[in-house]
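Chemist: Handing you this structure, nothing more for now.
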Amino acid sequence: MNRLNNVDYIIHKLSVLAYEIEQRGKLNLLDLHRHCEDFYAHFCNELFSWQLRNLNVVKPNAEAIDLIDHVNKIVVQVSATATKSKIESALAKDLSAYAGFSFKFISISKGAAELRTKSFANPHGLTFDPQCDIHDITSLLRYIGSLGAAHQQRIASFLKKELVAEVDPVSLESNLAAIITILAQENWRQNGSPPETVPFDIDKKIEFNDLDRARDIIEDYAIHCRRLDGIYNTFDREGSNKSLAVLDSIKGFYSKHRTRLSNDDLFDKVVECVAERVQESANFTPIPREELDLCVNILVVDAFTRCKIFKNPLGYAHVAA
């Protein structure tokens with residue numbers, strides 16, 4: 001499930017970005033094109049373990065080359081135009097300073113499969129194999145699909161941080177309320193105890209439990225916990241006590257898997273279990289996967305901040321809001 005969810009998320013994010021670049025280009029709105037140079041530098045570093053930097057930072061208005069990796073001797077052109085003339089124009093520039101470097105071309109909006117079958121004039125003799133060195137969204141996704149689950153998770157986490165979608169507060173509250181209703185249908189209580197309010201510092205708790213990938217999720221989604229408080233309060237005033245049921249359901253998933261998993265893997269497993277529980281419910285009304293992930297992450301982060309899951313570092317006297 002983790003592999004499928006991560007790949008689905010990566011496909012969605014990169015495809016949406018490519019579509020937006022193409023549409024904005026048709027309107028001659030090119031600001032996103034420039035930002036994509038930095039985005040793809042960091043993205044390729046995460047994906048291929050390169051060490052790319054934006055060459056325009058070092059050499060403003062550099063011709064033909066957008067990104068450079070001095071360690072691995074790689075130069076990259078990032079472009080929304082995918083034509084043979086575009087690549088040959090770049091290779092024809094004065095690239096004598098990059099003798100011995102490998103040239104890569106990344107098409108950020110259009111398919112480039114046909115280009116990989118062509119031959120190119122390469123007057124400066126840079127290392128360039130069209131079949132291997134021309135990338136587009138499809139080829140990048142195909143490569144990502146071959147990666148291990150942990151690497152795919154890192155790519156998905158990177159995209160969640162870099163390509164953050166705006167949250168619709170009305171839709172978010174509605175979806176959260178529906179998911180809380182599903183999770184609270186059964187009696188998940190382990191001991192009938194009220195939610196814990198143990199004082200702790202969130203950063204210290206993250207460090208104490210050696211959470212690395214989950215750190216960004218916790219920090220990003222903790223801001224939504226106040227909205228969740230309001231939803232819980234509304235339900236609990238009606239006497240349904242759904243906050244206790246939901247928190248104990250999440251704690252149940254945590255307790256079930258903590259003997260064999262730890263750290264980020266355990267956090268990911270709790271998120272996965274909550275999402276599966278919701279999707280398996282007979283009365284679940286399907287919502288976009290991105291929205292479901294958002295709601296589930298908020299619920300799990302909220303359980304973390306209420307100290308229902310993961311160990312609390314004793315001795316820290318910060319009271320959680």
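Chain identifiers are assigned as A, B, and so on, following the order in which chains appear in the structure tokens; residues are numbered from 1 within each chain, and ligands are numbered from 1 in order of appearance.
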Got a sec: who's within 7 Å of segment 15-32 of chain A, counting only C-alpha atoms, leaving out chain neighbours fewer than 4 positions off, as a ChimeraX atom specification?

Modeler: /A:11,36,108-109

Chemist: Could the residues in this selection be written to a file with C-alpha atoms, as an mmCIF file, in the first residue's frame?

Modeler:
```
data_model
loop_
_atom_site.group_PDB
_atom_site.id
_atom_site.type_symbol
_atom_site.label_atom_id
_atom_site.label_comp_id
_atom_site.auth_asym_id
_atom_site.auth_seq_id
_atom_site.Cartn_x
_atom_site.Cartn_y
_atom_site.Cartn_z
ATOM 1 C CA ILE A 11 2.393 10.983 -10.372
ATOM 2 C CA CYS A 36 11.291 25.172 -11.704
ATOM 3 C CA ILE A 108 9.399 19.879 -17.536
ATOM 4 C CA SER A 109 6.083 19.909 -19.381
#
```

Chemist: Could you pull out all residues of segment 3-224 of chain A with a DSSP call of helix (DSSP H, G or I) and give them as an MDAnalysis selection string?

Modeler: chainID A and resid 3:26 31:48 55:58 84:92 96:98 114:117 130:133 137:145 149:162 169:183 202:208 213:224

Chemist: What is the distance, in Å and to one decimal place, between atom CA of Pro130 of chain A and atom CA of Arg34 of chain A?

Modeler: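 So the two atoms, atom CA of Pro130 of chain A and atom CA of Arg34 of chain A, lie 24.1 Å apart.
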
Chemist: So which residues touch segment 74-78 of chain A within 6 Å, counting only C-alpha atoms, skipping near sequence neighbours fewer than 3 positions away, as a ChimeraX atom specification?

Modeler: /A:65-69,101-106

Chemist: Hey, can you spit out that residue selection with N, CA, C and O atoms as a JSON list (two decimals), in the first residue's frame?

Modeler:
```json
[["chain", "number", "residue", "atom", "x", "y", "z"],
["A", 65, "ILE", "N", 23.01, 26.44, -20.11],
["A", 65, "ILE", "CA", 23.09, 25.60, -18.92],
["A", 65, "ILE", "C", 22.34, 26.28, -17.77],
["A", 65, "ILE", "O", 22.55, 27.46, -17.49],
["A", 66, "ASP", "N", 21.48, 25.52, -17.11],
["A", 66, "ASP", "CA", 20.74, 26.05, -15.96],
["A", 66, "ASP", "C", 21.29, 25.54, -14.63],
["A", 66, "ASP", "O", 21.36, 26.29, -13.66],
["A", 67, "LEU", "N", 21.66, 24.26, -14.59],
["A", 67, "LEU", "CA", 22.10, 23.64, -13.34],
["A", 67, "LEU", "C", 23.47, 23.00, -13.54],
["A", 67, "LEU", "O", 23.79, 22.53, -14.64],
["A", 68, "ILE", "N", 24.25, 22.95, -12.47],
["A", 68, "ILE", "CA", 25.57, 22.35, -12.57],
["A", 68, "ILE", "C", 25.91, 21.58, -11.30],
["A", 68, "ILE", "O", 25.56, 21.99, -10.19],
["A", 69, "ASP", "N", 26.57, 20.46, -11.48],
["A", 69, "ASP", "CA", 27.07, 19.63, -10.39],
["A", 69, "ASP", "C", 28.56, 19.46, -10.63],
["A", 69, "ASP", "O", 28.98, 18.68, -11.49],
["A", 101, "PHE", "N", 32.33, 17.04, -18.81],
["A", 101, "PHE", "CA", 31.04, 17.00, -18.12],
["A", 101, "PHE", "C", 30.01, 16.20, -18.94],
["A", 101, "PHE", "O", 30.14, 16.06, -20.16],
["A", 102, "SER", "N", 28.99, 15.72, -18.25],
["A", 102, "SER", "CA", 27.86, 15.05, -18.88],
["A", 102, "SER", "C", 26.72, 16.06, -19.02],
["A", 102, "SER", "O", 26.42, 16.79, -18.06],
["A", 103, "PHE", "N", 26.09, 16.10, -20.20],
["A", 103, "PHE", "CA", 24.98, 17.02, -20.46],
["A", 103, "PHE", "C", 23.64, 16.28, -20.30],
["A", 103, "PHE", "O", 23.44, 15.21, -20.86],
["A", 104, "LYS", "N", 22.74, 16.86, -19.49],
["A", 104, "LYS", "CA", 21.40, 16.30, -19.29],
["A", 104, "LYS", "C", 20.37, 17.34, -19.74],
["A", 104, "LYS", "O", 20.55, 18.55, -19.52],
["A", 105, "PHE", "N", 19.28, 16.85, -20.32],
["A", 105, "PHE", "CA", 18.18, 17.73, -20.72],
["A", 105, "PHE", "C", 16.91, 17.25, -20.02],
["A", 105, "PHE", "O", 16.56, 16.07, -20.10],
["A", 106, "ILE", "N", 16.21, 18.16, -19.33],
["A", 106, "ILE", "CA", 14.99, 17.82, -18.62],
["A", 106, "ILE", "C", 13.84, 18.63, -19.19],
["A", 106, "ILE", "O", 13.82, 19.87, -19.09]]
```

Chemist: Rounded to one decimal in Å, what is the spacing between atom CA of Asn56 of chain A and atom CA of Asp38 of chain A?

Modeler: 10.0 Å

Chemist: Name the closest residue to Gly125 of chain A among the candidates A:Tyr98, A:Trp50, A:Phe39, A:Tyr143; distances are taken between atoms, counting only C-alpha atoms.

Modeler: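 Among the listed residues, the smallest separation from Gly125 of chain A belongs to A:Tyr98.
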
Chemist: Using only C-alpha atoms, determine which residues lie at most 10 Å from Ile217 of chain A, disregarding the query and same-chain residues fewer than 4 positions distant; provide the list as an mmCIF file with N, CA, C and O atoms, in the first residue's frame.

Modeler:
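Result file out_6.cif:
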```
data_model
loop_
_atom_site.group_PDB
_atom_site.id
_atom_site.type_symbol
_atom_site.label_atom_id
_atom_site.label_comp_id
_atom_site.auth_asym_id
_atom_site.auth_seq_id
_atom_site.Cartn_x
_atom_site.Cartn_y
_atom_site.Cartn_z
ATOM 1 N N SER A 157 7.737 12.714 0.258
ATOM 2 C CA SER A 157 7.863 13.691 1.340
ATOM 3 C C SER A 157 8.443 15.001 0.812
ATOM 4 O O SER A 157 8.015 16.092 1.222
ATOM 5 N N LYS A 160 5.677 16.790 -1.038
ATOM 6 C CA LYS A 160 4.687 17.340 -0.112
ATOM 7 C C LYS A 160 5.169 18.657 0.471
ATOM 8 O O LYS A 160 4.384 19.572 0.724
ATOM 9 N N LYS A 161 6.477 18.739 0.683
ATOM 10 C CA LYS A 161 7.039 19.957 1.261
ATOM 11 C C LYS A 161 7.179 21.060 0.214
ATOM 12 O O LYS A 161 6.918 22.237 0.485
ATOM 13 N N ASP A 212 12.458 11.459 11.667
ATOM 14 C CA ASP A 212 13.132 12.290 10.668
ATOM 15 C C ASP A 212 12.145 12.695 9.575
ATOM 16 O O ASP A 212 11.777 13.858 9.447
ATOM 17 N N ARG A 213 11.686 11.704 8.776
ATOM 18 C CA ARG A 213 10.708 12.015 7.724
ATOM 19 C C ARG A 213 9.434 12.616 8.300
ATOM 20 O O ARG A 213 8.823 13.509 7.704
ATOM 21 N N TYR A 221 1.473 20.057 9.790
ATOM 22 C CA TYR A 221 0.050 19.808 10.040
ATOM 23 C C TYR A 221 -0.399 20.158 11.459
ATOM 24 O O TYR A 221 -1.602 20.180 11.729
ATOM 25 N N ALA A 222 0.540 20.435 12.343
ATOM 26 C CA ALA A 222 0.160 20.781 13.715
ATOM 27 C C ALA A 222 -0.699 22.038 13.763
ATOM 28 O O ALA A 222 -1.521 22.209 14.668
ATOM 29 N N LEU A 294 -4.305 14.372 3.662
ATOM 30 C CA LEU A 294 -4.241 15.565 4.503
ATOM 31 C C LEU A 294 -5.003 15.349 5.802
ATOM 32 O O LEU A 294 -4.490 15.602 6.903
ATOM 33 N N ASN A 297 -3.323 12.673 8.071
ATOM 34 C CA ASN A 297 -2.109 13.226 8.692
ATOM 35 C C ASN A 297 -2.449 14.170 9.837
ATOM 36 O O ASN A 297 -1.793 14.153 10.886
ATOM 37 N N ILE A 298 -3.480 14.987 9.656
ATOM 38 C CA ILE A 298 -3.891 15.904 10.727
ATOM 39 C C ILE A 298 -4.330 15.119 11.950
ATOM 40 O O ILE A 298 -3.966 15.448 13.092
ATOM 41 N N VAL A 300 -3.481 12.047 12.865
ATOM 42 C CA VAL A 300 -2.352 11.353 13.493
ATOM 43 C C VAL A 300 -1.430 12.358 14.192
ATOM 44 O O VAL A 300 -0.954 12.105 15.306
ATOM 45 N N VAL A 301 -1.183 13.500 13.568
ATOM 46 C CA VAL A 301 -0.358 14.534 14.206
ATOM 47 C C VAL A 301 -1.036 15.026 15.478
ATOM 48 O O VAL A 301 -0.378 15.250 16.507
#
```

Chemist: Which residues in segment 3-250 of chain A does DSSP call strand (DSSP E or B)? List them as a ChimeraX atom specification.

Modeler: /A:53-54,67-69,74-79,102-107,127,134-135

Chemist: Could you tell me how far atom CA of Val270 of chain A sits from atom CA of Phe253 of chain A, in Å to one decimal place?

Modeler: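 Result for atom CA of Phe253 of chain A versus atom CA of Val270 of chain A: 5.8 Å, one decimal.
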
Chemist: When you count only C-alpha atoms, which of these residues is closest to Ser243 of chain A: A:Leu4, A:Ala99, A:Leu52, A:Ile179?

Modeler: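 Residue with the minimum atom-to-atom distance to Ser243 of chain A: A:Ile179.
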
Chemist: Please identify all polymer residues within 10 Å of Phe267 of chain A, counting only C-alpha atoms, omitting same-chain residues fewer than 3 positions from it, and present them as a ChimeraX atom specification.

Modeler: /A:211,213-214,254,257-258,261-264,270-272,297,300-301,304,309-310

Chemist: For the residues selected in the previous step, produce a file with all heavy atoms as a compact mmCIF listing (two decimals), in the first residue's frame.

Modeler:
```
# COMPACT_ATOMS: atom_id res chain seq x y z
N LEU A 211 12.36 10.77 15.00
CA LEU A 211 11.52 10.94 13.82
C LEU A 211 12.19 11.92 12.86
O LEU A 211 12.45 13.06 13.22
CB LEU A 211 10.13 11.45 14.22
CG LEU A 211 9.31 10.49 15.11
CD1 LEU A 211 8.04 11.18 15.58
CD2 LEU A 211 8.99 9.21 14.37
N ARG A 213 11.69 11.70 8.78
CA ARG A 213 10.71 12.02 7.72
C ARG A 213 9.43 12.62 8.30
O ARG A 213 8.82 13.51 7.70
CB ARG A 213 10.35 10.76 6.93
CG ARG A 213 11.50 10.13 6.15
CD ARG A 213 10.99 9.08 5.18
NE ARG A 213 10.13 8.09 5.79
CZ ARG A 213 10.55 6.96 6.33
NH1 ARG A 213 11.86 6.70 6.35
NH2 ARG A 213 9.70 6.08 6.84
N ALA A 214 9.02 12.12 9.46
CA ALA A 214 7.76 12.57 10.05
C ALA A 214 7.85 13.99 10.60
O ALA A 214 6.82 14.63 10.83
CB ALA A 214 7.33 11.62 11.16
N TYR A 254 -1.19 2.23 16.74
CA TYR A 254 0.17 2.44 17.22
C TYR A 254 0.63 1.28 18.11
O TYR A 254 1.72 0.72 17.92
CB TYR A 254 0.25 3.76 17.99
CG TYR A 254 1.52 3.95 18.78
CD1 TYR A 254 2.68 4.36 18.15
CD2 TYR A 254 1.56 3.73 20.16
CE1 TYR A 254 3.85 4.55 18.86
CE2 TYR A 254 2.72 3.91 20.88
CZ TYR A 254 3.88 4.33 20.23
OH TYR A 254 5.03 4.49 20.95
N HIS A 257 1.51 -2.11 16.29
CA HIS A 257 2.69 -2.23 15.44
C HIS A 257 3.99 -1.79 16.10
O HIS A 257 5.07 -1.95 15.51
CB HIS A 257 2.48 -1.43 14.15
CG HIS A 257 1.37 -1.96 13.30
ND1 HIS A 257 1.49 -3.10 12.53
CD2 HIS A 257 0.10 -1.50 13.09
CE1 HIS A 257 0.36 -3.32 11.87
NE2 HIS A 257 -0.51 -2.38 12.21
N ARG A 258 3.93 -1.24 17.32
CA ARG A 258 5.15 -0.68 17.89
C ARG A 258 6.15 -1.74 18.32
O ARG A 258 7.33 -1.42 18.52
CB ARG A 258 4.82 0.22 19.07
CG ARG A 258 4.25 -0.49 20.28
CD ARG A 258 3.99 0.49 21.40
NE ARG A 258 3.35 -0.14 22.53
CZ ARG A 258 3.03 0.49 23.65
NH1 ARG A 258 3.28 1.79 23.75
NH2 ARG A 258 2.45 -0.14 24.64
N LEU A 261 7.92 -2.22 14.71
CA LEU A 261 8.33 -1.04 13.96
C LEU A 261 8.70 0.08 14.93
O LEU A 261 8.26 0.07 16.08
CB LEU A 261 7.21 -0.56 13.03
CG LEU A 261 6.77 -1.50 11.90
CD1 LEU A 261 5.56 -0.92 11.19
CD2 LEU A 261 7.91 -1.72 10.91
N SER A 262 9.46 1.03 14.45
CA SER A 262 9.82 2.18 15.29
C SER A 262 10.08 3.39 14.41
O SER A 262 10.12 3.30 13.18
CB SER A 262 11.08 1.86 16.12
OG SER A 262 12.18 1.56 15.28
N ASN A 263 10.20 4.53 15.07
CA ASN A 263 10.59 5.77 14.41
C ASN A 263 9.66 6.10 13.23
O ASN A 263 8.46 5.97 13.33
CB ASN A 263 12.06 5.69 13.97
CG ASN A 263 12.97 5.24 15.09
OD1 ASN A 263 12.67 5.42 16.26
ND2 ASN A 263 14.09 4.65 14.74
N ASP A 264 10.24 6.51 12.10
CA ASP A 264 9.44 6.95 10.95
C ASP A 264 8.58 5.82 10.39
O ASP A 264 7.47 6.06 9.92
CB ASP A 264 10.35 7.49 9.85
CG ASP A 264 10.94 8.85 10.19
OD1 ASP A 264 10.16 9.75 10.54
OD2 ASP A 264 12.15 9.01 10.10
N VAL A 270 1.07 3.90 11.14
CA VAL A 270 -0.15 4.41 11.78
C VAL A 270 -0.98 5.20 10.77
O VAL A 270 -2.21 5.01 10.68
CB VAL A 270 0.20 5.29 13.00
CG1 VAL A 270 -1.05 5.94 13.57
CG2 VAL A 270 0.90 4.46 14.08
N VAL A 271 -0.34 6.04 10.00
CA VAL A 271 -1.04 6.81 8.97
C VAL A 271 -1.69 5.87 7.96
O VAL A 271 -2.85 6.04 7.58
CB VAL A 271 -0.06 7.77 8.25
CG1 VAL A 271 -0.72 8.39 7.02
CG2 VAL A 271 0.42 8.85 9.20
N GLU A 272 -0.95 4.85 7.54
CA GLU A 272 -1.48 3.89 6.58
C GLU A 272 -2.69 3.14 7.13
O GLU A 272 -3.70 2.97 6.43
CB GLU A 272 -0.38 2.88 6.21
CG GLU A 272 -0.84 1.79 5.25
CD GLU A 272 0.21 0.72 5.03
OE1 GLU A 272 1.40 0.97 5.36
OE2 GLU A 272 -0.14 -0.37 4.55
N ASN A 297 -3.32 12.67 8.07
CA ASN A 297 -2.11 13.23 8.69
C ASN A 297 -2.45 14.17 9.84
O ASN A 297 -1.79 14.15 10.89
CB ASN A 297 -1.27 13.95 7.64
CG ASN A 297 -0.37 13.02 6.86
OD1 ASN A 297 0.27 12.14 7.41
ND2 ASN A 297 -0.33 13.20 5.55
N VAL A 300 -3.48 12.05 12.87
CA VAL A 300 -2.35 11.35 13.49
C VAL A 300 -1.43 12.36 14.19
O VAL A 300 -0.95 12.11 15.31
CB VAL A 300 -1.57 10.52 12.45
CG1 VAL A 300 -0.32 9.91 13.08
CG2 VAL A 300 -2.47 9.42 11.88
N VAL A 301 -1.18 13.50 13.57
CA VAL A 301 -0.36 14.53 14.21
C VAL A 301 -1.04 15.03 15.48
O VAL A 301 -0.38 15.25 16.51
CB VAL A 301 -0.10 15.70 13.23
CG1 VAL A 301 0.51 16.89 13.97
CG2 VAL A 301 0.83 15.26 12.10
N PHE A 304 -0.45 12.66 18.12
CA PHE A 304 0.94 12.80 18.56
C PHE A 304 1.07 13.96 19.55
O PHE A 304 1.72 13.82 20.60
CB PHE A 304 1.84 13.03 17.34
CG PHE A 304 3.30 13.22 17.65
CD1 PHE A 304 4.15 12.13 17.74
CD2 PHE A 304 3.82 14.49 17.85
CE1 PHE A 304 5.51 12.31 18.02
CE2 PHE A 304 5.16 14.68 18.13
CZ PHE A 304 6.01 13.59 18.22
N ILE A 309 0.18 8.80 21.09
CA ILE A 309 1.10 7.89 20.41
C ILE A 309 2.53 8.42 20.55
O ILE A 309 2.75 9.62 20.67
CB ILE A 309 0.75 7.72 18.91
CG1 ILE A 309 0.77 9.06 18.18
CG2 ILE A 309 -0.61 7.06 18.76
CD1 ILE A 309 0.56 8.96 16.68
N PHE A 310 3.46 7.51 20.57
CA PHE A 310 4.89 7.76 20.75
C PHE A 310 5.21 8.23 22.17
O PHE A 310 4.37 8.81 22.85
CB PHE A 310 5.43 8.74 19.70
CG PHE A 310 5.51 8.14 18.32
CD1 PHE A 310 4.45 8.26 17.43
CD2 PHE A 310 6.63 7.43 17.92
CE1 PHE A 310 4.50 7.69 16.17
CE2 PHE A 310 6.69 6.86 16.66
CZ PHE A 310 5.62 6.98 15.79
```

Chemist: Choose the residue, out of A:Leu140, A:Ile155, A:Ala303, A:Leu292, that has the smallest atom-to-atom separation from Arg277 of chain A; count only C-alpha atoms.

Modeler: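 Comparing A:Leu140, A:Ile155, A:Ala303, A:Leu292 against Arg277 of chain A, the winner is A:Leu292.
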
Chemist: I'd like the contact shell of Val296 of chain A - 12 Å cut-off, only C-alpha atoms, skipping same-chain residues fewer than 6 positions apart - returned as a PyMOL selection string.

Modeler: chain A and resi 172+175-180+183+217-218+221+224-225+228+246+250+267-279+289-290+302-303

Chemist: Would you put the residues from that selection into a file with N, CA, C and O atoms, as a tab-separated table (two decimals), in the first residue's frame?

Modeler:
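That gives us again.tsv:
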```
chain	number	residue	atom	x	y	z
A	172	LEU	N	-11.96	20.98	4.19
A	172	LEU	CA	-11.16	20.27	5.18
A	172	LEU	C	-12.00	19.89	6.39
A	172	LEU	O	-11.98	18.74	6.84
A	175	ASN	N	-14.50	17.09	5.50
A	175	ASN	CA	-13.86	15.79	5.34
A	175	ASN	C	-13.40	15.23	6.68
A	175	ASN	O	-13.53	14.03	6.95
A	176	LEU	N	-12.83	16.10	7.53
A	176	LEU	CA	-12.40	15.65	8.85
A	176	LEU	C	-13.58	15.12	9.66
A	176	LEU	O	-13.49	14.08	10.31
A	177	ALA	N	-14.71	15.85	9.61
A	177	ALA	CA	-15.89	15.43	10.36
A	177	ALA	C	-16.38	14.07	9.87
A	177	ALA	O	-16.76	13.20	10.68
A	178	ALA	N	-16.37	13.86	8.56
A	178	ALA	CA	-16.82	12.58	8.00
A	178	ALA	C	-15.90	11.44	8.43
A	178	ALA	O	-16.36	10.35	8.78
A	179	ILE	N	-14.59	11.69	8.40
A	179	ILE	CA	-13.64	10.65	8.78
A	179	ILE	C	-13.72	10.35	10.26
A	179	ILE	O	-13.63	9.19	10.68
A	180	ILE	N	-13.90	11.38	11.08
A	180	ILE	CA	-14.06	11.16	12.52
A	180	ILE	C	-15.29	10.31	12.79
A	180	ILE	O	-15.27	9.40	13.63
A	183	LEU	N	-14.33	6.66	12.00
A	183	LEU	CA	-13.43	6.06	12.98
A	183	LEU	C	-14.09	5.84	14.33
A	183	LEU	O	-13.68	4.96	15.09
A	217	ILE	N	6.03	16.50	8.46
A	217	ILE	CA	4.58	16.30	8.51
A	217	ILE	C	4.02	16.86	9.81
A	217	ILE	O	3.01	17.57	9.82
A	218	ILE	N	4.68	16.57	10.92
A	218	ILE	CA	4.21	17.04	12.23
A	218	ILE	C	4.23	18.56	12.28
A	218	ILE	O	3.26	19.20	12.71
A	221	TYR	N	1.47	20.06	9.79
A	221	TYR	CA	0.05	19.81	10.04
A	221	TYR	C	-0.40	20.16	11.46
A	221	TYR	O	-1.60	20.18	11.73
A	224	HIS	N	-3.16	22.75	12.08
A	224	HIS	CA	-4.58	22.45	11.85
A	224	HIS	C	-5.26	21.82	13.07
A	224	HIS	O	-6.47	21.59	13.04
A	225	CYS	N	-4.49	21.55	14.11
A	225	CYS	CA	-5.07	20.85	15.26
A	225	CYS	C	-6.12	21.69	15.97
A	225	CYS	O	-7.05	21.15	16.57
A	228	LEU	N	-9.30	21.03	14.42
A	228	LEU	CA	-9.77	19.71	14.84
A	228	LEU	C	-10.38	19.78	16.24
A	228	LEU	O	-11.37	19.09	16.53
A	246	VAL	N	-11.85	8.25	18.56
A	246	VAL	CA	-10.90	8.42	17.47
A	246	VAL	C	-9.46	8.34	17.99
A	246	VAL	O	-8.62	7.65	17.42
A	250	ILE	N	-6.57	5.45	16.97
A	250	ILE	CA	-5.22	5.73	16.48
A	250	ILE	C	-4.18	5.10	17.42
A	250	ILE	O	-3.19	4.51	16.98
A	267	PHE	N	5.46	5.62	12.43
A	267	PHE	CA	4.57	6.75	12.13
A	267	PHE	C	3.85	6.52	10.81
A	267	PHE	O	2.63	6.70	10.70
A	268	ASP	N	4.60	6.11	9.78
A	268	ASP	CA	4.00	5.85	8.47
A	268	ASP	C	2.95	4.75	8.55
A	268	ASP	O	1.91	4.83	7.88
A	269	LYS	N	3.23	3.73	9.36
A	269	LYS	CA	2.29	2.61	9.48
A	269	LYS	C	0.99	3.05	10.13
A	269	LYS	O	-0.10	2.61	9.72
A	270	VAL	N	1.07	3.90	11.14
A	270	VAL	CA	-0.15	4.41	11.78
A	270	VAL	C	-0.98	5.20	10.77
A	270	VAL	O	-2.21	5.01	10.68
A	271	VAL	N	-0.34	6.04	10.00
A	271	VAL	CA	-1.04	6.81	8.97
A	271	VAL	C	-1.69	5.87	7.96
A	271	VAL	O	-2.85	6.04	7.58
A	272	GLU	N	-0.95	4.85	7.54
A	272	GLU	CA	-1.48	3.89	6.58
A	272	GLU	C	-2.69	3.14	7.13
A	272	GLU	O	-3.70	2.97	6.43
A	273	CYS	N	-2.62	2.74	8.40
A	273	CYS	CA	-3.72	1.98	9.01
A	273	CYS	C	-4.99	2.84	9.13
A	273	CYS	O	-6.10	2.35	8.88
A	274	VAL	N	-4.82	4.09	9.50
A	274	VAL	CA	-5.97	4.99	9.61
A	274	VAL	C	-6.62	5.18	8.25
A	274	VAL	O	-7.84	5.11	8.10
A	275	ALA	N	-5.79	5.41	7.22
A	275	ALA	CA	-6.32	5.61	5.87
A	275	ALA	C	-7.05	4.36	5.38
A	275	ALA	O	-8.13	4.45	4.78
A	276	GLU	N	-6.48	3.19	5.64
A	276	GLU	CA	-7.13	1.94	5.21
A	276	GLU	C	-8.45	1.73	5.94
A	276	GLU	O	-9.44	1.31	5.34
A	277	ARG	N	-8.46	2.02	7.22
A	277	ARG	CA	-9.69	1.87	8.01
A	277	ARG	C	-10.81	2.74	7.45
A	277	ARG	O	-11.97	2.32	7.35
A	278	VAL	N	-10.47	3.96	7.07
A	278	VAL	CA	-11.45	4.89	6.51
A	278	VAL	C	-11.94	4.38	5.16
A	278	VAL	O	-13.16	4.33	4.89
A	279	GLN	N	-11.03	3.98	4.30
A	279	GLN	CA	-11.40	3.56	2.95
A	279	GLN	C	-12.21	2.27	2.94
A	279	GLN	O	-13.01	2.04	2.03
A	289	ARG	N	-7.44	11.51	-3.18
A	289	ARG	CA	-6.43	10.90	-2.31
A	289	ARG	C	-5.64	11.95	-1.54
A	289	ARG	O	-5.29	11.77	-0.37
A	290	GLU	N	-5.37	13.07	-2.19
A	290	GLU	CA	-4.61	14.13	-1.55
A	290	GLU	C	-5.35	14.68	-0.34
A	290	GLU	O	-4.74	14.96	0.70
A	302	ASP	N	-2.36	15.18	15.44
A	302	ASP	CA	-3.09	15.61	16.63
A	302	ASP	C	-2.94	14.58	17.76
A	302	ASP	O	-2.72	14.95	18.92
A	303	ALA	N	-3.01	13.30	17.42
A	303	ALA	CA	-2.82	12.26	18.43
A	303	ALA	C	-1.41	12.31	18.98
A	303	ALA	O	-1.18	12.06	20.17
```

Chemist: Tell me which protein, DNA and RNA residues are within 8 Å of Val7 of chain A, counting only C-alpha atoms, leaving out same-chain ones fewer than 6 positions away, and put them as a VMD selection string.

Modeler: chain A and resid 144 to 145 152 156
